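S.K.: Sharing input27.tsv (TSV, C-alpha atoms and all ligand atoms) below.
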```
chain	number	residue	atom	x	y	z
A	1	VAL	CA	58.49	6.68	-4.26
A	2	ALA	CA	62.01	7.65	-3.29
A	3	LEU	CA	63.05	8.48	0.28
A	4	LYS	CA	63.71	12.22	0.52
A	5	VAL	CA	67.15	12.69	2.08
A	6	GLY	CA	68.73	15.85	3.48
A	7	VAL	CA	72.55	15.97	3.79
A	8	ILE	CA	74.30	18.08	6.45
A	9	GLY	CA	77.96	18.74	5.65
A	10	VAL	CA	79.03	18.36	2.03
A	11	GLY	CA	82.80	17.91	2.31
A	12	VAL	CA	84.69	14.86	1.10
A	13	ILE	CA	82.44	12.13	2.50
A	14	GLY	CA	79.19	14.13	2.27
A	15	GLN	CA	79.74	14.60	-1.45
A	16	ASP	CA	80.74	10.96	-1.88
A	17	HIS	CA	77.50	9.82	-0.22
A	18	ILE	CA	75.48	12.26	-2.37
A	19	ARG	CA	77.18	10.81	-5.45
A	20	ARG	CA	76.25	7.24	-4.49
A	21	LEU	CA	72.69	8.18	-3.42
A	22	THR	CA	72.22	9.98	-6.74
A	23	THR	CA	74.04	7.78	-9.26
A	24	VAL	CA	74.65	4.33	-7.73
A	25	LEU	CA	71.93	3.37	-5.25
A	26	SER	CA	68.16	3.12	-5.55
A	27	GLY	CA	65.20	4.29	-3.50
A	28	ALA	CA	66.47	7.68	-2.38
A	29	GLU	CA	66.62	11.23	-3.65
A	30	VAL	CA	68.76	13.99	-2.11
A	31	VAL	CA	66.35	16.93	-1.84
A	32	ALA	CA	68.27	19.28	0.46
A	33	VAL	CA	71.79	20.11	1.64
A	34	THR	CA	73.43	22.48	4.08
A	35	ASP	CA	76.99	23.36	5.02
A	36	THR	CA	78.56	26.14	7.08
A	37	ASP	CA	80.51	26.77	3.87
A	38	ALA	CA	77.45	28.12	2.02
A	39	ALA	CA	79.24	28.44	-1.31
A	40	ARG	CA	80.23	24.78	-1.18
A	41	ALA	CA	76.62	23.81	-0.39
A	42	ARG	CA	75.38	25.82	-3.39
A	43	ASP	CA	78.02	24.27	-5.69
A	44	VAL	CA	77.15	20.73	-4.65
A	45	ALA	CA	73.42	21.42	-4.99
A	46	ALA	CA	73.98	22.76	-8.51
A	47	GLN	CA	76.18	19.80	-9.48
A	48	TYR	CA	73.60	17.20	-8.43
A	49	GLY	CA	70.40	19.14	-9.15
A	50	ILE	CA	69.42	19.29	-5.47
A	51	ALA	CA	66.39	21.54	-4.95
A	52	THR	CA	67.05	23.25	-1.62
A	53	VAL	CA	70.05	24.70	0.22
A	54	HIS	CA	69.23	25.32	3.87
A	55	ALA	CA	70.96	27.93	6.03
A	56	THR	CA	71.40	25.56	8.98
A	57	GLY	CA	71.25	21.88	9.82
A	58	GLU	CA	68.36	22.49	12.19
A	59	GLU	CA	66.35	24.11	9.39
A	60	LEU	CA	67.07	21.13	7.11
A	61	ILE	CA	66.00	18.61	9.75
A	62	ALA	CA	62.78	20.53	10.45
A	63	SER	CA	61.86	20.77	6.75
A	64	VAL	CA	58.72	18.83	5.83
A	65	ASP	CA	60.43	17.86	2.55
A	66	VAL	CA	63.17	15.93	4.38
A	67	GLN	CA	62.25	12.41	5.49
A	68	ALA	CA	65.70	11.18	6.55
A	69	VAL	CA	68.96	12.91	7.45
A	70	LEU	CA	72.58	12.11	6.60
A	71	VAL	CA	75.17	13.84	8.79
A	72	GLY	CA	78.60	14.25	7.14
A	73	SER	CA	79.83	17.37	8.95
A	74	TRP	CA	82.78	17.54	11.39
A	75	GLY	CA	82.68	15.23	14.41
A	76	PRO	CA	82.08	17.91	17.09
A	77	THR	CA	78.86	18.96	15.28
A	78	HIS	CA	77.32	15.46	15.09
A	79	GLN	CA	75.63	15.42	18.50
A	80	GLN	CA	73.42	18.46	17.90
A	81	TYR	CA	72.17	17.18	14.54
A	82	VAL	CA	71.57	13.59	15.62
A	83	LEU	CA	69.62	14.80	18.67
A	84	ALA	CA	67.57	17.15	16.48
A	85	ALA	CA	66.78	14.31	14.06
A	86	ILE	CA	65.66	12.03	16.90
A	87	ALA	CA	63.50	14.87	18.30
A	88	ALA	CA	61.91	15.17	14.85
A	89	GLY	CA	61.42	11.38	14.65
A	90	LYS	CA	63.50	11.15	11.45
A	91	PRO	CA	65.93	8.31	10.66
A	92	VAL	CA	69.50	9.62	10.69
A	93	PHE	CA	72.75	8.25	9.29
A	94	CYS	CA	75.68	9.76	11.18
A	95	GLU	CA	79.23	9.45	9.91
A	96	LYS	CA	81.68	8.30	12.57
A	97	PRO	CA	82.23	9.38	15.25
A	98	LEU	CA	78.66	9.35	16.60
A	99	ALA	CA	79.96	12.17	18.82
A	100	THR	CA	83.37	13.17	20.10
A	101	THR	CA	82.86	12.47	23.83
A	102	ARG	CA	81.35	9.61	25.80
A	103	GLU	CA	78.84	11.96	27.43
A	104	ALA	CA	77.69	13.32	24.08
A	105	CYS	CA	77.25	9.77	22.72
A	106	LEU	CA	75.33	8.79	25.85
A	107	SER	CA	72.94	11.71	25.38
A	108	ILE	CA	72.10	10.30	21.94
A	109	VAL	CA	71.66	6.77	23.32
A	110	GLU	CA	69.29	8.11	25.99
A	111	ALA	CA	67.30	10.16	23.47
A	112	GLU	CA	66.88	7.16	21.17
A	113	VAL	CA	65.88	4.84	24.02
A	114	ALA	CA	63.32	7.46	25.16
A	115	TYR	CA	62.01	7.74	21.60
A	116	GLY	CA	61.47	3.97	21.66
A	117	ARG	CA	62.52	2.94	18.15
A	118	ARG	CA	65.90	2.81	16.43
A	119	LEU	CA	66.50	5.88	14.27
A	120	VAL	CA	70.31	6.10	14.31
A	121	GLN	CA	72.85	4.29	12.14
A	122	VAL	CA	76.54	5.12	12.66
A	123	GLY	CA	78.96	5.13	9.72
A	124	PHE	CA	81.06	2.12	10.63
A	125	MET	CA	81.18	0.86	7.06
A	126	ARG	CA	83.54	-2.04	7.73
A	127	HIS	CA	80.48	-4.04	8.86
A	128	TYR	CA	79.38	-4.01	5.20
A	129	ASP	CA	82.76	-4.80	3.64
A	130	PRO	CA	82.53	-8.21	1.92
A	131	ALA	CA	85.96	-9.26	3.26
A	132	TYR	CA	85.13	-8.38	6.88
A	133	ARG	CA	81.76	-10.09	6.50
A	134	ALA	CA	83.47	-13.23	5.23
A	135	VAL	CA	85.71	-13.24	8.33
A	136	LYS	CA	82.67	-12.73	10.58
A	137	ASP	CA	80.85	-15.60	8.84
A	138	VAL	CA	83.77	-17.97	9.49
A	139	LEU	CA	83.85	-16.98	13.17
A	140	GLU	CA	80.09	-17.44	13.53
A	141	ALA	CA	80.19	-20.87	11.87
A	142	GLY	CA	82.07	-21.98	14.99
A	143	GLU	CA	84.53	-24.48	13.48
A	144	LEU	CA	87.53	-22.43	14.68
A	145	GLY	CA	86.32	-22.31	18.29
A	146	ASN	CA	86.73	-19.31	20.56
A	147	VAL	CA	88.41	-16.06	19.55
A	148	LEU	CA	91.67	-15.66	21.50
A	149	MET	CA	93.60	-12.84	19.83
A	150	ALA	CA	93.69	-10.47	16.87
A	151	HIS	CA	96.71	-8.99	15.10
A	152	CYS	CA	95.71	-5.90	13.15
A	153	VAL	CA	97.20	-3.18	10.99
A	154	HIS	CA	95.67	0.16	10.02
A	155	ARG	CA	97.98	2.10	7.72
A	156	ASN	CA	97.38	5.30	5.80
A	157	ALA	CA	99.73	6.51	3.07
A	158	SER	CA	100.22	10.01	4.49
A	159	VAL	CA	98.43	12.69	6.51
A	160	THR	CA	98.31	16.45	6.56
A	161	HIS	CA	100.05	18.50	9.23
A	162	SER	CA	96.72	19.16	10.96
A	163	TRP	CA	96.73	15.60	12.31
A	164	THR	CA	97.32	15.18	16.06
A	165	SER	CA	98.34	12.07	17.99
A	166	ASP	CA	94.85	11.81	19.53
A	167	MET	CA	93.41	11.43	16.02
A	168	LEU	CA	95.31	8.18	15.50
A	169	LEU	CA	93.03	6.86	18.24
A	170	ASN	CA	89.69	8.70	17.95
A	171	ASP	CA	89.62	9.11	14.17
A	172	ALA	CA	91.57	6.32	12.41
A	173	GLY	CA	91.68	3.98	15.42
A	174	LEU	CA	87.97	4.46	16.17
A	175	HIS	CA	87.10	1.93	13.45
A	176	GLU	CA	89.24	-0.69	15.20
A	177	PHE	CA	87.52	-0.20	18.55
A	178	ASP	CA	84.23	-0.82	16.76
A	179	ILE	CA	85.04	-3.64	14.36
A	180	LEU	CA	87.02	-5.71	16.87
A	181	ARG	CA	84.04	-5.71	19.28
A	182	TRP	CA	81.95	-6.97	16.37
A	183	LEU	CA	84.43	-9.68	15.33
A	184	PHE	CA	85.14	-10.85	18.91
A	185	ASP	CA	81.41	-10.61	19.74
A	186	ASP	CA	82.65	-9.26	23.08
A	187	ASP	CA	83.15	-5.91	24.79
A	188	ILE	CA	86.51	-4.18	25.26
A	189	VAL	CA	87.24	-3.61	28.95
A	190	ALA	CA	90.69	-1.98	28.83
A	191	THR	CA	93.21	-0.51	26.42
A	192	GLN	CA	96.86	0.47	26.42
A	193	VAL	CA	98.72	2.54	23.87
A	194	LEU	CA	102.46	2.12	23.29
A	195	LYS	CA	104.52	4.81	21.61
A	196	VAL	CA	106.93	3.59	18.97
A	197	ARG	CA	110.02	5.25	17.49
A	198	GLN	CA	108.54	8.07	15.40
A	199	ASN	CA	108.41	7.71	11.62
A	200	ALA	CA	111.11	10.03	10.22
A	201	ASP	CA	108.58	11.56	7.83
A	202	ALA	CA	105.80	12.18	10.36
A	203	PRO	CA	105.17	15.83	11.25
A	204	ALA	CA	107.14	16.87	14.34
A	205	GLY	CA	105.32	15.86	17.52
A	206	LEU	CA	102.94	13.41	15.85
A	207	ASP	CA	103.15	10.03	17.61
A	208	ASP	CA	103.19	7.92	14.48
A	209	PRO	CA	103.01	4.95	14.52
A	210	LEU	CA	101.24	3.80	17.69
A	211	LEU	CA	100.61	0.29	18.95
A	212	VAL	CA	97.17	-0.14	20.55
A	213	LEU	CA	96.32	-3.07	22.82
A	214	MET	CA	92.73	-4.01	23.66
A	215	GLN	CA	91.59	-6.41	26.35
A	216	PHE	CA	88.20	-8.11	26.02
A	217	ARG	CA	85.77	-9.18	28.75
A	218	LYS	CA	86.19	-12.92	28.04
A	219	GLY	CA	89.98	-12.55	28.19
A	220	GLY	CA	90.87	-12.05	24.53
A	221	TRP	CA	93.45	-9.49	23.42
A	222	ALA	CA	93.99	-7.53	20.21
A	223	ASN	CA	96.99	-5.55	19.06
A	224	VAL	CA	96.60	-2.88	16.39
A	225	GLU	CA	99.36	-0.99	14.64
A	226	VAL	CA	98.11	2.46	13.60
A	227	THR	CA	100.36	4.16	11.05
A	228	MET	CA	99.64	7.40	9.24
A	229	ASN	CA	102.72	7.58	6.98
A	230	SER	CA	103.16	4.19	5.35
A	231	HIS	CA	104.10	5.92	2.06
A	232	TYR	CA	103.05	2.85	0.05
A	233	GLY	CA	99.28	3.10	0.39
A	234	TYR	CA	96.22	2.33	2.55
A	235	ASP	CA	96.42	-1.06	4.19
A	236	VAL	CA	93.96	-2.58	6.66
A	237	ARG	CA	94.76	-6.05	7.93
A	238	THR	CA	93.28	-8.35	10.54
A	239	GLU	CA	94.10	-11.90	11.54
A	240	ILE	CA	91.91	-13.49	14.22
A	241	VAL	CA	93.51	-16.31	16.21
A	242	CYS	CA	91.11	-18.96	17.52
A	243	ASP	CA	91.33	-22.32	19.32
A	244	ARG	CA	91.64	-24.41	16.17
A	245	GLY	CA	92.84	-22.04	13.47
A	246	THR	CA	92.98	-18.47	12.26
A	247	VAL	CA	90.96	-16.35	9.86
A	248	ALA	CA	92.27	-13.23	8.13
A	249	LEU	CA	91.17	-10.57	5.70
A	250	PRO	CA	92.51	-11.35	2.21
A	251	GLU	CA	95.63	-9.39	1.26
A	252	THR	CA	94.05	-8.15	-1.93
A	253	GLU	CA	90.99	-8.22	-4.13
A	254	SER	CA	93.01	-6.97	-7.09
A	255	ALA	CA	94.69	-9.13	-9.72
A	256	VAL	CA	97.95	-10.77	-8.67
A	257	VAL	CA	100.68	-10.26	-11.26
A	258	LYS	CA	103.79	-12.43	-11.61
A	259	VAL	CA	106.50	-11.12	-13.89
A	260	ASN	CA	110.31	-10.87	-13.92
A	261	GLY	CA	110.65	-13.01	-10.81
A	262	GLN	CA	108.25	-10.81	-8.80
A	263	ARG	CA	104.69	-11.29	-7.57
A	264	SER	CA	102.67	-8.08	-7.05
A	265	PHE	CA	99.20	-6.62	-6.62
A	266	ARG	CA	97.77	-3.15	-6.24
A	267	VAL	CA	97.51	-1.61	-2.76
A	268	SER	CA	94.54	0.78	-2.30
A	269	ALA	CA	95.48	4.47	-2.31
A	270	ASP	CA	93.05	5.42	0.46
A	271	TRP	CA	89.88	4.46	2.38
A	272	ARG	CA	87.58	5.51	-0.44
A	273	GLU	CA	89.15	3.00	-2.80
A	274	ARG	CA	89.49	0.18	-0.24
A	275	PHE	CA	85.93	0.43	1.11
A	276	ILE	CA	83.98	1.65	-1.93
A	277	ILE	CA	81.71	-1.41	-2.02
A	278	ALA	CA	81.23	-1.29	1.76
A	279	TYR	CA	80.00	2.33	1.56
A	280	ASP	CA	77.57	1.44	-1.24
A	281	ILE	CA	76.07	-1.46	0.72
A	282	GLU	CA	76.05	0.57	3.95
A	283	ILE	CA	74.11	3.49	2.51
A	284	GLN	CA	71.72	1.24	0.55
A	285	GLU	CA	70.85	-0.62	3.75
A	286	TRP	CA	70.36	2.71	5.50
A	287	VAL	CA	67.97	3.85	2.75
A	288	ASN	CA	66.03	0.59	3.01
A	289	ALA	CA	65.65	0.82	6.80
A	290	ALA	CA	64.93	4.56	6.79
A	291	THR	CA	62.19	4.01	4.22
A	292	ALA	CA	60.60	1.72	6.80
A	293	GLY	CA	61.01	4.47	9.42
A	294	THR	CA	63.82	2.85	11.38
A	295	ALA	CA	67.53	2.01	11.38
A	296	THR	CA	69.69	-1.15	11.37
A	297	GLY	CA	73.43	-1.86	11.45
A	298	PRO	CA	75.92	-0.12	13.76
A	299	SER	CA	73.85	1.54	16.48
A	300	ALA	CA	74.17	4.55	18.76
A	301	TRP	CA	75.28	2.06	21.42
A	302	ASP	CA	78.09	0.87	19.12
A	303	GLY	CA	79.02	4.52	18.53
A	304	TYR	CA	79.09	5.15	22.28
A	305	LEU	CA	81.37	2.17	23.01
A	306	ALA	CA	83.78	3.03	20.18
A	307	THR	CA	84.14	6.60	21.45
A	308	ALA	CA	84.58	5.28	25.01
A	309	GLY	CA	87.38	3.02	23.76
A	310	ALA	CA	89.12	5.86	21.95
A	311	GLU	CA	88.80	8.08	25.04
A	312	ALA	CA	90.46	5.44	27.23
A	313	ALA	CA	93.18	5.02	24.60
A	314	ILE	CA	93.91	8.76	24.58
A	315	LYS	CA	94.17	8.61	28.37
A	316	SER	CA	96.64	5.73	28.04
A	317	LEU	CA	98.66	7.66	25.46
A	318	ASN	CA	99.23	10.23	28.20
A	319	THR	CA	99.68	7.91	31.21
A	320	GLY	CA	101.36	4.97	29.50
A	321	ALA	CA	99.20	2.66	31.63
A	322	LEU	CA	96.49	0.13	30.85
A	323	GLU	CA	93.25	2.14	31.14
A	324	LEU	CA	89.81	0.71	31.88
A	325	LEU	CA	86.85	1.77	29.74
A	326	ASP	CA	84.34	3.73	31.79
A	327	VAL	CA	80.97	2.70	30.34
A	328	GLN	CA	77.36	2.22	31.39
A	329	GLU	CA	75.43	-1.05	31.39
A	330	ARG	CA	73.93	-1.78	27.98
A	331	PRO	CA	70.26	-0.76	27.82
A	332	SER	CA	68.06	-3.75	26.92
A	333	PHE	CA	66.88	-1.64	23.97
A	334	TYR	CA	70.20	-2.50	22.24
A	335	ALA	CA	70.27	-6.21	23.15
B	401	LIG	N1	83.45	6.21	7.61
B	401	LIG	C1	84.62	6.66	7.19
B	401	LIG	O1	85.51	5.88	6.89
B	401	LIG	C2	84.87	8.12	7.08
B	401	LIG	C3	85.75	8.59	6.12
B	401	LIG	C4	85.96	9.97	6.03
B	401	LIG	C5	85.32	10.82	6.89
B	401	LIG	N2	84.48	10.32	7.84
B	401	LIG	C6	83.82	11.23	8.80
B	401	LIG	O2	82.97	12.11	8.11
B	401	LIG	C7	82.99	13.40	8.73
B	401	LIG	C8	83.39	14.45	7.70
B	401	LIG	O3	84.67	14.13	7.18
B	401	LIG	P1	85.20	14.75	5.80
B	401	LIG	O4	86.48	14.06	5.51
B	401	LIG	O5	84.11	14.72	4.77
B	401	LIG	O6	85.49	16.25	6.24
B	401	LIG	P2	85.43	17.58	5.33
B	401	LIG	O7	86.15	18.62	6.10
B	401	LIG	O8	85.86	17.28	3.93
B	401	LIG	O9	83.87	17.94	5.27
B	401	LIG	C9	83.14	18.35	6.39
B	401	LIG	C10	82.14	19.40	5.91
B	401	LIG	O10	81.28	19.73	7.02
B	401	LIG	C11	81.07	21.13	7.00
B	401	LIG	N3	80.65	21.54	8.33
B	401	LIG	C12	81.41	21.74	9.44
B	401	LIG	N4	80.65	22.11	10.48
B	401	LIG	C13	79.37	22.13	10.04
B	401	LIG	C14	78.12	22.42	10.64
B	401	LIG	N5	78.05	22.75	11.93
B	401	LIG	N6	77.01	22.32	9.89
B	401	LIG	C15	77.08	21.98	8.60
B	401	LIG	N7	78.22	21.71	7.96
B	401	LIG	C16	79.36	21.78	8.67
B	401	LIG	C17	82.39	21.71	6.53
B	401	LIG	O11	82.25	23.03	6.04
B	401	LIG	C18	82.79	20.71	5.44
B	401	LIG	O12	82.27	21.06	4.18
B	401	LIG	C19	83.96	13.27	9.91
B	401	LIG	O13	83.23	13.00	11.09
B	401	LIG	C20	84.81	12.08	9.54
B	401	LIG	O14	85.34	11.39	10.67
B	401	LIG	C21	84.22	8.99	7.92
```
Show this structure as structure tokens.
M.R.:
Amino acid sequence: VALKVGVIGVGVIGQDHIRRLTTVLSGAEVVAVTDTDAARARDVAAQYGIATVHATGEELIASVDVQAVLVGSWGPTHQQYVLAAIAAGKPVFCEKPLATTREACLSIVEAEVAYGRRLVQVGFMRHYDPAYRAVKDVLEAGELGNVLMAHCVHRNASVTHSWTSDMLLNDAGLHEFDILRWLFDDDIVATQVLKVRQNADAPAGLDDPLLVLMQFRKGGWANVEVTMNSHYGYDVRTEIVCDRGTVALPETESAVVKVNGQRSFRVSADWRERFIIAYDIEIQEWVNAATAGTATGPSAWDGYLATAGAEAAIKSLNTGALELLDVQERPSFYA
């Protein structure tokens, strides 16, 4: 029998996850939705034949028909829903960020530890991307030796005028704080953000691009260019430098065309295109774990550390200095 899923927040990513739960993946059925935009919730329910539209997220979580919860609403609303799901003992997938402040993330960590079993998976889908996994496999095989540095790029084609400089760090950049911890198999201890000459086409006052430096406990460093107005497409790149070689994400999974003296391949338009397979694997693994009453993959602890990294980076954007991450000791629960 299929896992009965309730979805809170049916905007861009909420609808995309409903689409994959309904038409791509197996083992789950979306039985309920809610959104503060009630008309949108009704439209999405009608489109996918979803039985129930709840007035609030709390009502959806409490419903006996809902066995597992997917949170796709705005970041500042995540904490209340994840805490309610833990209180109800229901597995919960939470889109990134886990919560928008360190303290809010910590409250979730503490609630899950007190509950005593993992219930939370955070939407860091890069962990499921075949290219990132291939890089991780090479690093784990050990032939290259220790990880020393990473050179990374995170470029978006364009952004709306509602984007702020902080969002380059706690929205787009958040993924980098998470995935680089995973690839380095080490914690980030400090970060510094350098302002760069502003892109002529960036909205006035938006610090775009930014250069983000991350220092790791064992002494490694990463540099990440975050750009929101590349114009040419969505481009995520990582090269990891080790003792005896380097390993990098492939430039493309599309066909490479050579014609008229030029070599070319398609660049993804946006994150949905670039990570479509990662999202499918991510949500299927969530369904599988939730069916067993638990969660795997990126944890509440990972969500806490990523938000802590972004918070320190925002501080550095304002001070210009290298800023230490202010984090707790890792509970043995997450070892
Ligand atoms: N993993 C990724 O790469 C990725 C990609 C895109 C978005 N996201 C995350 O997903 C979340 C949603 O992003 P989006 O692009 O879909 O935004 P969106 O604005 O398209 O959708 C958010 C929806 O949540 C609803 N909402 C807001 N507050 C609510 C509340 N309290 N209760 C119920 N519904 C509420 C809004 O009405 C809207 O329909 C964000 O946290 C974002 O960072 C993650």
S.K.: Using all atoms listed in the file, determine which residues fall within 7 Å of ligand LIG 401 (chain B), then list them as a list in words.
M.R.: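 Those residues are Ile8, Gly9, Val10, Gly11, Val12, Ile13, Gly14, Thr34, Asp35, Thr36, Asp37, Arg40, Thr56, Gly57, Gly72, Ser73, Trp74, Gly75, Thr77, Glu95, Lys96, Pro97, Gly123, Phe124, Met125, Asp171 and Trp271 of chain A.
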S.K.: For Cys242 (chain A), find every residue with an atom within 8 Å (counting only C-alpha atoms), except residues of its own chain fewer than 5 positions away, and show them as a list in words.
M.R.: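 The neighbour list is Leu144, Gly145, Asn146, Val147, Leu148 and Met149 of chain A.
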S.K.: Pick out the closest residue to Leu70 (chain A) from this set: A:Arg272, A:Lys90, A:Arg42, A:Lys315. Count only C-alpha atoms.
M.R.: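 Closest to Leu70 (chain A) of all the choices is A:Lys90.
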S.K.: Select, from A:His127, A:Arg117, A:Arg330, A:His154, the residue with the minimum atom-to-atom distance to Ser230 (chain A), counting all atoms listed in the file.
M.R.: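 Looking at the shortest contact to Ser230 (chain A), the residue is A:His154.
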S.K.: Would you mind reading off the distance between CA of Gly89 (chain A) and CA of Ala68 (chain A), one decimal, in Å?
M.R.: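 Result for CA of Gly89 (chain A) versus CA of Ala68 (chain A): 9.2 Å, one decimal.
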S.K.: Measure the distance from CA of Lys258 (chain A) to CA of Asp270 (chain A) in Å and round it to one decimal.
M.R.: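 Separation between CA of Lys258 (chain A) and CA of Asp270 (chain A): 24.1 Å.
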S.K.: Near Ser268 (chain A), within 9 Å and counting only C-alpha atoms, which residues show up once chain neighbours fewer than 2 positions away are dropped, as a PDB file with C-alpha atoms, keeping the file's coordinate frame?
M.R.:
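Contents of out_11.pdb, as written:
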```pdb
ATOM      1  CA  GLY A 233      99.280   3.100   0.390  1.00  0.00           C
ATOM      2  CA  TYR A 234      96.220   2.330   2.550  1.00  0.00           C
ATOM      3  CA  ASP A 235      96.420  -1.060   4.190  1.00  0.00           C
ATOM      4  CA  THR A 252      94.050  -8.150  -1.930  1.00  0.00           C
ATOM      5  CA  ARG A 266      97.770  -3.150  -6.240  1.00  0.00           C
ATOM      6  CA  ASP A 270      93.050   5.420   0.460  1.00  0.00           C
ATOM      7  CA  TRP A 271      89.880   4.460   2.380  1.00  0.00           C
ATOM      8  CA  ARG A 272      87.580   5.510  -0.440  1.00  0.00           C
ATOM      9  CA  GLU A 273      89.150   3.000  -2.800  1.00  0.00           C
ATOM     10  CA  ARG A 274      89.490   0.180  -0.240  1.00  0.00           C
TER      11      ARG A 274
END
```
S.K.: Is it possible to get the residues within 10 Å of (105.7, 9.4, 22.3) (coordinates as in the file, counting only C-alpha atoms) written as a list in words?
M.R.: Ser165, Val193, Leu194, Lys195, Val196, Arg197, Gln198, Gly205, Leu206, Asp207, Asp208, Pro209, Leu210, Leu317, Asn318 and Gly320 of chain A
